Structures are given as C-alpha cells and as structure tokens.
Amino acid sequence: MKIKQYTCVKNKEGRVFLRCVKEYPFDGVVAIDSPESIYIIAKDVLKLCELASEEVWLLAFNTRNILIGAFKVAQGGGNYAPTTPRDVFMRTLLIGAINIVLVHNHPSGDVKPSKGDDNVTNIMKQAADLLGINMLDHVIVGNSFYSYRSDYKL
C-alpha cells in the first residue's frame, strides 16, 4: 500500500483540484482502527515526531476506514500551527472522504493537549457534524501519543 499526500492547486480558470505530491510506501496498517495505528503512521511514515516545528495533518478515509489521502493543512512554529475548518474540510470534500482524523505533533515531546488544541478539536468536530463527516479522532504525537477519542473528549 502507498499513502498518498495531496495538495490543492488552482488551474488557470481558478478551479481548485487535488495534485498528488508524494507517495509514501507503507506495508503496515491498512484499515485504521485505533489511535495506535494513527501514531504509527504519524511516526513512521510522516515522521512527525522528528520535526522541530508543529504541523497539522488531515488523514482522510473512505467508509471502510481505508486511508485515501493525507494532507498537511498547517505548519507553524515550535508550539502552534494555525488551523481552520476551511483548510480541513475543503480537502475532505475534494477527495470525497467520509471519515477524517486530525493529527499533529508537539515538538517538545509532551503530548498533553493545550487549551488551543481543545478549542480547535471542538471547532473541527462541530464543522464535521454540520457537513455529515465523521471526525474519528484528533491525535497528538510526540514521545508517545494522546487521543481525544480515547480520552472521551470527542
């Protein structure tokens, strides 16, 4: 299996479409069924645990929770990466995903969520519900991982 990373680009007419920018070979988990499987992808494929700046990624899935695309939706400094519902859901809708997971890293290694993380998670969950998209989890990675779903906050 290959995990495909996409980006959104505009054509000459101003229409937005997806362009595959990278394929990651991956022989691991095919269906995503736990926060541990998200952590494995974030750590081993996307290499988020090695970064010195914070990045937010959208993992988009079909109805069987098969990963159909990965998008870097925000990149920031050492402790913050601005993320908006537009950044997330434009990509979700373009790829035709029904299920999503947000994942981001904490360069400090401490995976305890901040108030900002809580706020972003709540806003994204509300937007997903409004659009009829299942937000399965928001996972923070560092020296280990934190799952909003496992902590009953999602």
# chains A, B, ... in the order shown; residues from 1 in each chain; ligands from 1
call {"tool": "residues_around", "arguments": {"residues": "Tyr24 in chain A", "least_positions_apart": "2", "cutoff": "7 Å", "atoms": "only C-alpha atoms", "output": "PyMOL selection string"}}
result
chain A and resi 2-4+22+26+45
call {"tool": "write_last_selection", "arguments": {"atoms": "C-alpha atoms", "output": "mmCIF file, in the first residue's frame"}}
result
data_model
loop_
_atom_site.group_PDB
_atom_site.id
_atom_site.type_symbol
_atom_site.label_atom_id
_atom_site.label_comp_id
_atom_site.auth_asym_id
_atom_site.auth_seq_id
_atom_site.Cartn_x
_atom_site.Cartn_y
_atom_site.Cartn_z
ATOM 1 C CA LYS A 2 1.081 3.574 -0.598
ATOM 2 C CA ILE A 3 -0.062 6.552 1.409
ATOM 3 C CA LYS A 4 -0.638 9.439 -0.968
ATOM 4 C CA LYS A 22 4.247 12.387 -2.708
ATOM 5 C CA PHE A 26 3.821 1.635 3.696
ATOM 6 C CA VAL A 45 5.544 7.447 7.622
#
call {"tool": "select_by_dssp", "arguments": {"residues": "chain A", "states": "strand (DSSP E)", "output": "PDB file with N, CA, C and O atoms, in the first residue's frame"}}
result
ATOM      1  N   LYS A   2       0.403   2.292  -0.631  1.00  0.00           N
ATOM      2  CA  LYS A   2       1.081   3.574  -0.598  1.00  0.00           C
ATOM      3  C   LYS A   2       0.147   4.601   0.007  1.00  0.00           C
ATOM      4  O   LYS A   2      -1.046   4.614  -0.279  1.00  0.00           O
ATOM      5  N   ILE A   3       0.696   5.434   0.865  1.00  0.00           N
ATOM      6  CA  ILE A   3      -0.062   6.552   1.409  1.00  0.00           C
ATOM      7  C   ILE A   3       0.232   7.743   0.512  1.00  0.00           C
ATOM      8  O   ILE A   3       1.388   8.103   0.313  1.00  0.00           O
ATOM      9  N   LYS A   4      -0.810   8.330  -0.044  1.00  0.00           N
ATOM     10  CA  LYS A   4      -0.638   9.439  -0.968  1.00  0.00           C
ATOM     11  C   LYS A   4      -0.872  10.764  -0.259  1.00  0.00           C
ATOM     12  O   LYS A   4      -1.889  10.945   0.399  1.00  0.00           O
ATOM     13  N   GLN A   5       0.104  11.660  -0.421  1.00  0.00           N
ATOM     14  CA  GLN A   5      -0.036  13.013   0.089  1.00  0.00           C
ATOM     15  C   GLN A   5      -0.486  13.894  -1.060  1.00  0.00           C
ATOM     16  O   GLN A   5       0.086  13.871  -2.141  1.00  0.00           O
ATOM     17  N   TYR A   6      -1.523  14.679  -0.807  1.00  0.00           N
ATOM     18  CA  TYR A   6      -2.076  15.575  -1.814  1.00  0.00           C
ATOM     19  C   TYR A   6      -1.903  17.022  -1.391  1.00  0.00           C
ATOM     20  O   TYR A   6      -1.736  17.329  -0.222  1.00  0.00           O
ATOM     21  N   THR A   7      -1.993  17.898  -2.373  1.00  0.00           N
ATOM     22  CA  THR A   7      -2.086  19.323  -2.129  1.00  0.00           C
ATOM     23  C   THR A   7      -3.176  19.871  -3.030  1.00  0.00           C
ATOM     24  O   THR A   7      -3.554  19.232  -4.017  1.00  0.00           O
ATOM     25  N   CYS A   8      -3.693  21.026  -2.684  1.00  0.00           N
ATOM     26  CA  CYS A   8      -4.724  21.675  -3.502  1.00  0.00           C
ATOM     27  C   CYS A   8      -4.058  22.737  -4.366  1.00  0.00           C
ATOM     28  O   CYS A   8      -3.250  23.533  -3.868  1.00  0.00           O
ATOM     29  N   VAL A   9      -4.382  22.744  -5.638  1.00  0.00           N
ATOM     30  CA  VAL A   9      -3.840  23.739  -6.563  1.00  0.00           C
ATOM     31  C   VAL A   9      -4.978  24.315  -7.400  1.00  0.00           C
ATOM     32  O   VAL A   9      -6.018  23.681  -7.560  1.00  0.00           O
ATOM     33  N   LYS A  10      -4.749  25.514  -7.933  1.00  0.00           N
ATOM     34  CA  LYS A  10      -5.731  26.162  -8.802  1.00  0.00           C
ATOM     35  C   LYS A  10      -5.259  26.072 -10.248  1.00  0.00           C
ATOM     36  O   LYS A  10      -4.074  26.218 -10.534  1.00  0.00           O
ATOM     37  N   VAL A  16     -10.184  24.755  -8.077  1.00  0.00           N
ATOM     38  CA  VAL A  16      -9.274  24.040  -7.184  1.00  0.00           C
ATOM     39  C   VAL A  16      -9.397  22.545  -7.447  1.00  0.00           C
ATOM     40  O   VAL A  16     -10.484  22.009  -7.595  1.00  0.00           O
ATOM     41  N   PHE A  17      -8.260  21.865  -7.510  1.00  0.00           N
ATOM     42  CA  PHE A  17      -8.250  20.415  -7.661  1.00  0.00           C
ATOM     43  C   PHE A  17      -7.082  19.840  -6.874  1.00  0.00           C
ATOM     44  O   PHE A  17      -6.233  20.575  -6.367  1.00  0.00           O
ATOM     45  N   LEU A  18      -7.065  18.528  -6.755  1.00  0.00           N
ATOM     46  CA  LEU A  18      -6.029  17.847  -5.976  1.00  0.00           C
ATOM     47  C   LEU A  18      -4.875  17.433  -6.870  1.00  0.00           C
ATOM     48  O   LEU A  18      -5.072  16.998  -7.997  1.00  0.00           O
ATOM     49  N   ARG A  19      -3.675  17.533  -6.319  1.00  0.00           N
ATOM     50  CA  ARG A  19      -2.488  17.031  -7.003  1.00  0.00           C
ATOM     51  C   ARG A  19      -1.716  16.165  -6.016  1.00  0.00           C
ATOM     52  O   ARG A  19      -1.436  16.593  -4.895  1.00  0.00           O
ATOM     53  N   CYS A  20      -1.406  14.965  -6.436  1.00  0.00           N
ATOM     54  CA  CYS A  20      -0.595  14.073  -5.605  1.00  0.00           C
ATOM     55  C   CYS A  20       0.838  14.598  -5.632  1.00  0.00           C
ATOM     56  O   CYS A  20       1.412  14.777  -6.704  1.00  0.00           O
ATOM     57  N   VAL A  21       1.403  14.865  -4.458  1.00  0.00           N
ATOM     58  CA  VAL A  21       2.750  15.414  -4.397  1.00  0.00           C
ATOM     59  C   VAL A  21       3.779  14.411  -3.886  1.00  0.00           C
ATOM     60  O   VAL A  21       4.974  14.590  -4.097  1.00  0.00           O
ATOM     61  N   LYS A  22       3.307  13.363  -3.239  1.00  0.00           N
ATOM     62  CA  LYS A  22       4.247  12.387  -2.708  1.00  0.00           C
ATOM     63  C   LYS A  22       3.517  11.093  -2.402  1.00  0.00           C
ATOM     64  O   LYS A  22       2.346  11.108  -2.033  1.00  0.00           O
ATOM     65  N   GLU A  23       4.199   9.988  -2.589  1.00  0.00           N
ATOM     66  CA  GLU A  23       3.676   8.688  -2.184  1.00  0.00           C
ATOM     67  C   GLU A  23       4.648   8.072  -1.198  1.00  0.00           C
ATOM     68  O   GLU A  23       5.850   8.028  -1.447  1.00  0.00           O
ATOM     69  N   TYR A  24       4.103   7.645  -0.085  1.00  0.00           N
ATOM     70  CA  TYR A  24       4.911   7.006   0.951  1.00  0.00           C
ATOM     71  C   TYR A  24       4.663   5.505   0.887  1.00  0.00           C
ATOM     72  O   TYR A  24       3.526   5.061   1.055  1.00  0.00           O
ATOM     73  N   PRO A  25       5.697   4.708   0.650  1.00  0.00           N
ATOM     74  CA  PRO A  25       5.484   3.257   0.721  1.00  0.00           C
ATOM     75  C   PRO A  25       5.185   2.872   2.167  1.00  0.00           C
ATOM     76  O   PRO A  25       5.808   3.380   3.090  1.00  0.00           O
ATOM     77  N   GLU A  55       3.209  20.705  12.990  1.00  0.00           N
ATOM     78  CA  GLU A  55       2.451  20.513  11.757  1.00  0.00           C
ATOM     79  C   GLU A  55       1.135  19.829  12.078  1.00  0.00           C
ATOM     80  O   GLU A  55       1.071  18.981  12.966  1.00  0.00           O
ATOM     81  N   VAL A  56       0.105  20.216  11.332  1.00  0.00           N
ATOM     82  CA  VAL A  56      -1.210  19.592  11.464  1.00  0.00           C
ATOM     83  C   VAL A  56      -1.509  18.872  10.156  1.00  0.00           C
ATOM     84  O   VAL A  56      -1.382  19.457   9.076  1.00  0.00           O
ATOM     85  N   TRP A  57      -1.883  17.609  10.261  1.00  0.00           N
ATOM     86  CA  TRP A  57      -2.202  16.789   9.097  1.00  0.00           C
ATOM     87  C   TRP A  57      -3.638  16.299   9.176  1.00  0.00           C
ATOM     88  O   TRP A  57      -4.148  16.010  10.263  1.00  0.00           O
ATOM     89  N   LEU A  58      -4.243  16.207   8.013  1.00  0.00           N
ATOM     90  CA  LEU A  58      -5.554  15.611   7.845  1.00  0.00           C
ATOM     91  C   LEU A  58      -5.351  14.248   7.206  1.00  0.00           C
ATOM     92  O   LEU A  58      -4.698  14.135   6.166  1.00  0.00           O
ATOM     93  N   LEU A  59      -5.872  13.222   7.837  1.00  0.00           N
ATOM     94  CA  LEU A  59      -5.900  11.892   7.246  1.00  0.00           C
ATOM     95  C   LEU A  59      -7.342  11.630   6.841  1.00  0.00           C
ATOM     96  O   LEU A  59      -8.256  11.715   7.662  1.00  0.00           O
ATOM     97  N   ALA A  60      -7.543  11.347   5.558  1.00  0.00           N
ATOM     98  CA  ALA A  60      -8.889  11.187   5.001  1.00  0.00           C
ATOM     99  C   ALA A  60      -9.133   9.718   4.669  1.00  0.00           C
ATOM    100  O   ALA A  60      -8.267   9.054   4.082  1.00  0.00           O
ATOM    101  N   PHE A  61     -10.325   9.236   5.033  1.00  0.00           N
ATOM    102  CA  PHE A  61     -10.646   7.822   4.893  1.00  0.00           C
ATOM    103  C   PHE A  61     -11.969   7.625   4.162  1.00  0.00           C
ATOM    104  O   PHE A  61     -12.853   8.472   4.208  1.00  0.00           O
ATOM    105  N   LEU A  67      -7.327   4.475   4.360  1.00  0.00           N
ATOM    106  CA  LEU A  67      -6.738   5.786   4.129  1.00  0.00           C
ATOM    107  C   LEU A  67      -6.702   6.085   2.630  1.00  0.00           C
ATOM    108  O   LEU A  67      -6.119   5.326   1.857  1.00  0.00           O
ATOM    109  N   ILE A  68      -7.343   7.186   2.228  1.00  0.00           N
ATOM    110  CA  ILE A  68      -7.353   7.551   0.808  1.00  0.00           C
ATOM    111  C   ILE A  68      -6.527   8.795   0.526  1.00  0.00           C
ATOM    112  O   ILE A  68      -6.283   9.121  -0.634  1.00  0.00           O
ATOM    113  N   GLY A  69      -6.074   9.491   1.561  1.00  0.00           N
ATOM    114  CA  GLY A  69      -5.227  10.651   1.339  1.00  0.00           C
ATOM    115  C   GLY A  69      -4.758  11.291   2.617  1.00  0.00           C
ATOM    116  O   GLY A  69      -5.402  11.180   3.656  1.00  0.00           O
ATOM    117  N   ALA A  70      -3.606  11.948   2.520  1.00  0.00           N
ATOM    118  CA  ALA A  70      -3.029  12.680   3.647  1.00  0.00           C
ATOM    119  C   ALA A  70      -2.704  14.091   3.174  1.00  0.00           C
ATOM    120  O   ALA A  70      -2.201  14.277   2.061  1.00  0.00           O
ATOM    121  N   PHE A  71      -3.008  15.068   4.001  1.00  0.00           N
ATOM    122  CA  PHE A  71      -2.794  16.473   3.666  1.00  0.00           C
ATOM    123  C   PHE A  71      -2.124  17.183   4.830  1.00  0.00           C
ATOM    124  O   PHE A  71      -2.598  17.078   5.961  1.00  0.00           O
ATOM    125  N   LYS A  72      -1.065  17.927   4.553  1.00  0.00           N
ATOM    126  CA  LYS A  72      -0.539  18.837   5.569  1.00  0.00           C
ATOM    127  C   LYS A  72      -1.391  20.096   5.471  1.00  0.00           C
ATOM    128  O   LYS A  72      -1.392  20.777   4.451  1.00  0.00           O
ATOM    129  N   VAL A  73      -2.158  20.397   6.524  1.00  0.00           N
ATOM    130  CA  VAL A  73      -3.074  21.539   6.472  1.00  0.00           C
ATOM    131  C   VAL A  73      -2.539  22.769   7.191  1.00  0.00           C
ATOM    132  O   VAL A  73      -3.064  23.862   6.999  1.00  0.00           O
ATOM    133  N   ALA A  74      -1.510  22.600   8.004  1.00  0.00           N
ATOM    134  CA  ALA A  74      -0.934  23.766   8.682  1.00  0.00           C
ATOM    135  C   ALA A  74       0.484  23.450   9.131  1.00  0.00           C
ATOM    136  O   ALA A  74       0.799  22.316   9.485  1.00  0.00           O
ATOM    137  N   GLN A  75       1.319  24.485   9.107  1.00  0.00           N
ATOM    138  CA  GLN A  75       2.671  24.377   9.628  1.00  0.00           C
ATOM    139  C   GLN A  75       2.925  25.647  10.417  1.00  0.00           C
ATOM    140  O   GLN A  75       2.572  26.743   9.977  1.00  0.00           O
ATOM    141  N   ASN A  99     -14.747   9.881   6.494  1.00  0.00           N
ATOM    142  CA  ASN A  99     -14.162   9.838   7.829  1.00  0.00           C
ATOM    143  C   ASN A  99     -12.830  10.576   7.809  1.00  0.00           C
ATOM    144  O   ASN A  99     -12.066  10.445   6.846  1.00  0.00           O
ATOM    145  N   ILE A 100     -12.543  11.296   8.897  1.00  0.00           N
ATOM    146  CA  ILE A 100     -11.273  12.006   8.986  1.00  0.00           C
ATOM    147  C   ILE A 100     -10.654  11.852  10.368  1.00  0.00           C
ATOM    148  O   ILE A 100     -11.355  11.578  11.346  1.00  0.00           O
ATOM    149  N   VAL A 101      -9.356  12.040  10.408  1.00  0.00           N
ATOM    150  CA  VAL A 101      -8.610  12.130  11.658  1.00  0.00           C
ATOM    151  C   VAL A 101      -7.645  13.297  11.508  1.00  0.00           C
ATOM    152  O   VAL A 101      -6.985  13.430  10.476  1.00  0.00           O
ATOM    153  N   LEU A 102      -7.589  14.146  12.516  1.00  0.00           N
ATOM    154  CA  LEU A 102      -6.551  15.163  12.572  1.00  0.00           C
ATOM    155  C   LEU A 102      -5.409  14.608  13.406  1.00  0.00           C
ATOM    156  O   LEU A 102      -5.637  13.914  14.403  1.00  0.00           O
ATOM    157  N   VAL A 103      -4.208  14.916  12.998  1.00  0.00           N
ATOM    158  CA  VAL A 103      -3.038  14.504  13.774  1.00  0.00           C
ATOM    159  C   VAL A 103      -2.035  15.647  13.719  1.00  0.00           C
ATOM    160  O   VAL A 103      -1.847  16.272  12.674  1.00  0.00           O
ATOM    161  N   HIS A 104      -1.476  15.964  14.873  1.00  0.00           N
ATOM    162  CA  HIS A 104      -0.412  16.960  14.879  1.00  0.00           C
ATOM    163  C   HIS A 104       0.627  16.602  15.928  1.00  0.00           C
ATOM    164  O   HIS A 104       0.385  15.792  16.812  1.00  0.00           O
ATOM    165  N   ASN A 105       1.784  17.198  15.764  1.00  0.00           N
ATOM    166  CA  ASN A 105       2.899  16.895  16.650  1.00  0.00           C
ATOM    167  C   ASN A 105       3.112  18.019  17.656  1.00  0.00           C
ATOM    168  O   ASN A 105       2.744  19.161  17.418  1.00  0.00           O
ATOM    169  N   ASN A 134     -17.583  12.188   9.543  1.00  0.00           N
ATOM    170  CA  ASN A 134     -17.229  11.614  10.843  1.00  0.00           C
ATOM    171  C   ASN A 134     -15.805  12.000  11.219  1.00  0.00           C
ATOM    172  O   ASN A 134     -14.861  11.593  10.541  1.00  0.00           O
ATOM    173  N   MET A 135     -15.665  12.783  12.277  1.00  0.00           N
ATOM    174  CA  MET A 135     -14.329  13.065  12.802  1.00  0.00           C
ATOM    175  C   MET A 135     -14.023  11.966  13.807  1.00  0.00           C
ATOM    176  O   MET A 135     -14.554  11.959  14.915  1.00  0.00           O
ATOM    177  N   LEU A 136     -13.205  11.019  13.396  1.00  0.00           N
ATOM    178  CA  LEU A 136     -12.945   9.836  14.203  1.00  0.00           C
ATOM    179  C   LEU A 136     -12.056  10.126  15.401  1.00  0.00           C
ATOM    180  O   LEU A 136     -12.214   9.516  16.452  1.00  0.00           O
ATOM    181  N   ASP A 137     -11.088  11.047  15.226  1.00  0.00           N
ATOM    182  CA  ASP A 137     -10.158  11.301  16.317  1.00  0.00           C
ATOM    183  C   ASP A 137      -9.326  12.533  15.991  1.00  0.00           C
ATOM    184  O   ASP A 137      -9.286  13.009  14.854  1.00  0.00           O
ATOM    185  N   HIS A 138      -8.665  13.036  17.010  1.00  0.00           N
ATOM    186  CA  HIS A 138      -7.598  14.028  16.889  1.00  0.00           C
ATOM    187  C   HIS A 138      -6.481  13.474  17.755  1.00  0.00           C
ATOM    188  O   HIS A 138      -6.653  13.300  18.960  1.00  0.00           O
ATOM    189  N   VAL A 139      -5.367  13.171  17.133  1.00  0.00           N
ATOM    190  CA  VAL A 139      -4.254  12.527  17.819  1.00  0.00           C
ATOM    191  C   VAL A 139      -3.069  13.487  17.858  1.00  0.00           C
ATOM    192  O   VAL A 139      -2.708  14.083  16.844  1.00  0.00           O
ATOM    193  N   ILE A 140      -2.493  13.630  19.037  1.00  0.00           N
ATOM    194  CA  ILE A 140      -1.291  14.437  19.226  1.00  0.00           C
ATOM    195  C   ILE A 140      -0.133  13.470  19.422  1.00  0.00           C
ATOM    196  O   ILE A 140      -0.224  12.531  20.215  1.00  0.00           O
ATOM    197  N   VAL A 141       0.959  13.698  18.681  1.00  0.00           N
ATOM    198  CA  VAL A 141       2.105  12.801  18.768  1.00  0.00           C
ATOM    199  C   VAL A 141       3.328  13.558  19.265  1.00  0.00           C
ATOM    200  O   VAL A 141       3.479  14.749  19.046  1.00  0.00           O
ATOM    201  N   PHE A 145       1.682   9.287  22.409  1.00  0.00           N
ATOM    202  CA  PHE A 145       0.561   9.919  21.722  1.00  0.00           C
ATOM    203  C   PHE A 145      -0.590  10.148  22.679  1.00  0.00           C
ATOM    204  O   PHE A 145      -0.689   9.530  23.727  1.00  0.00           O
ATOM    205  N   TYR A 146      -1.454  11.072  22.282  1.00  0.00           N
ATOM    206  CA  TYR A 146      -2.678  11.378  23.016  1.00  0.00           C
ATOM    207  C   TYR A 146      -3.829  11.315  22.022  1.00  0.00           C
ATOM    208  O   TYR A 146      -3.729  11.866  20.919  1.00  0.00           O
ATOM    209  N   SER A 147      -4.909  10.673  22.403  1.00  0.00           N
ATOM    210  CA  SER A 147      -6.089  10.545  21.557  1.00  0.00           C
ATOM    211  C   SER A 147      -7.289  11.188  22.237  1.00  0.00           C
ATOM    212  O   SER A 147      -7.648  10.802  23.348  1.00  0.00           O
TER     213      SER A 147
END
call {"tool": "select_by_dssp", "arguments": {"residues": "chain A", "states": "helix (DSSP H, G or I)", "output": "VMD selection string"}}
result
chain A and resid 35 to 45 48 to 50 85 to 95 115 to 131
call {"tool": "atom_distance", "arguments": {"atom1": "CA of Lys47 in chain A", "atom2": "CA of Gln126 in chain A"}}
result
28.7 Å
call {"tool": "residues_around", "arguments": {"residues": "Asn62 in chain A", "least_positions_apart": "3", "cutoff": "6 Å", "atoms": "only C-alpha atoms", "output": "NGL selection string"}}
result
:A and (65-66 or 97-98)
call {"tool": "closest_residue", "arguments": {"among": "A:Tyr148, A:Lys153, A:Gly96, A:Arg91", "to": "Ser34 in chain A", "atoms": "only C-alpha atoms"}}
result
A:Tyr148
call {"tool": "atom_distance", "arguments": {"atom1": "CA of Ile38 in chain A", "atom2": "CA of Asp117 in chain A"}}
result
17.3 Å
call {"tool": "closest_residue", "arguments": {"among": "A:Val88, A:Met124, A:Leu93, A:Ala42", "to": "Leu154 in chain A", "atoms": "only C-alpha atoms"}}
result
A:Met124
call {"tool": "atom_distance", "arguments": {"atom1": "CA of Ser53 in chain A", "atom2": "CA of Gly78 in chain A"}}
result
4.6 Å
call {"tool": "closest_residue", "arguments": {"among": "A:Val111, A:Pro35, A:Gly116, A:Thr63", "to": "Ile133 in chain A", "atoms": "only C-alpha atoms"}}
result
A:Thr63
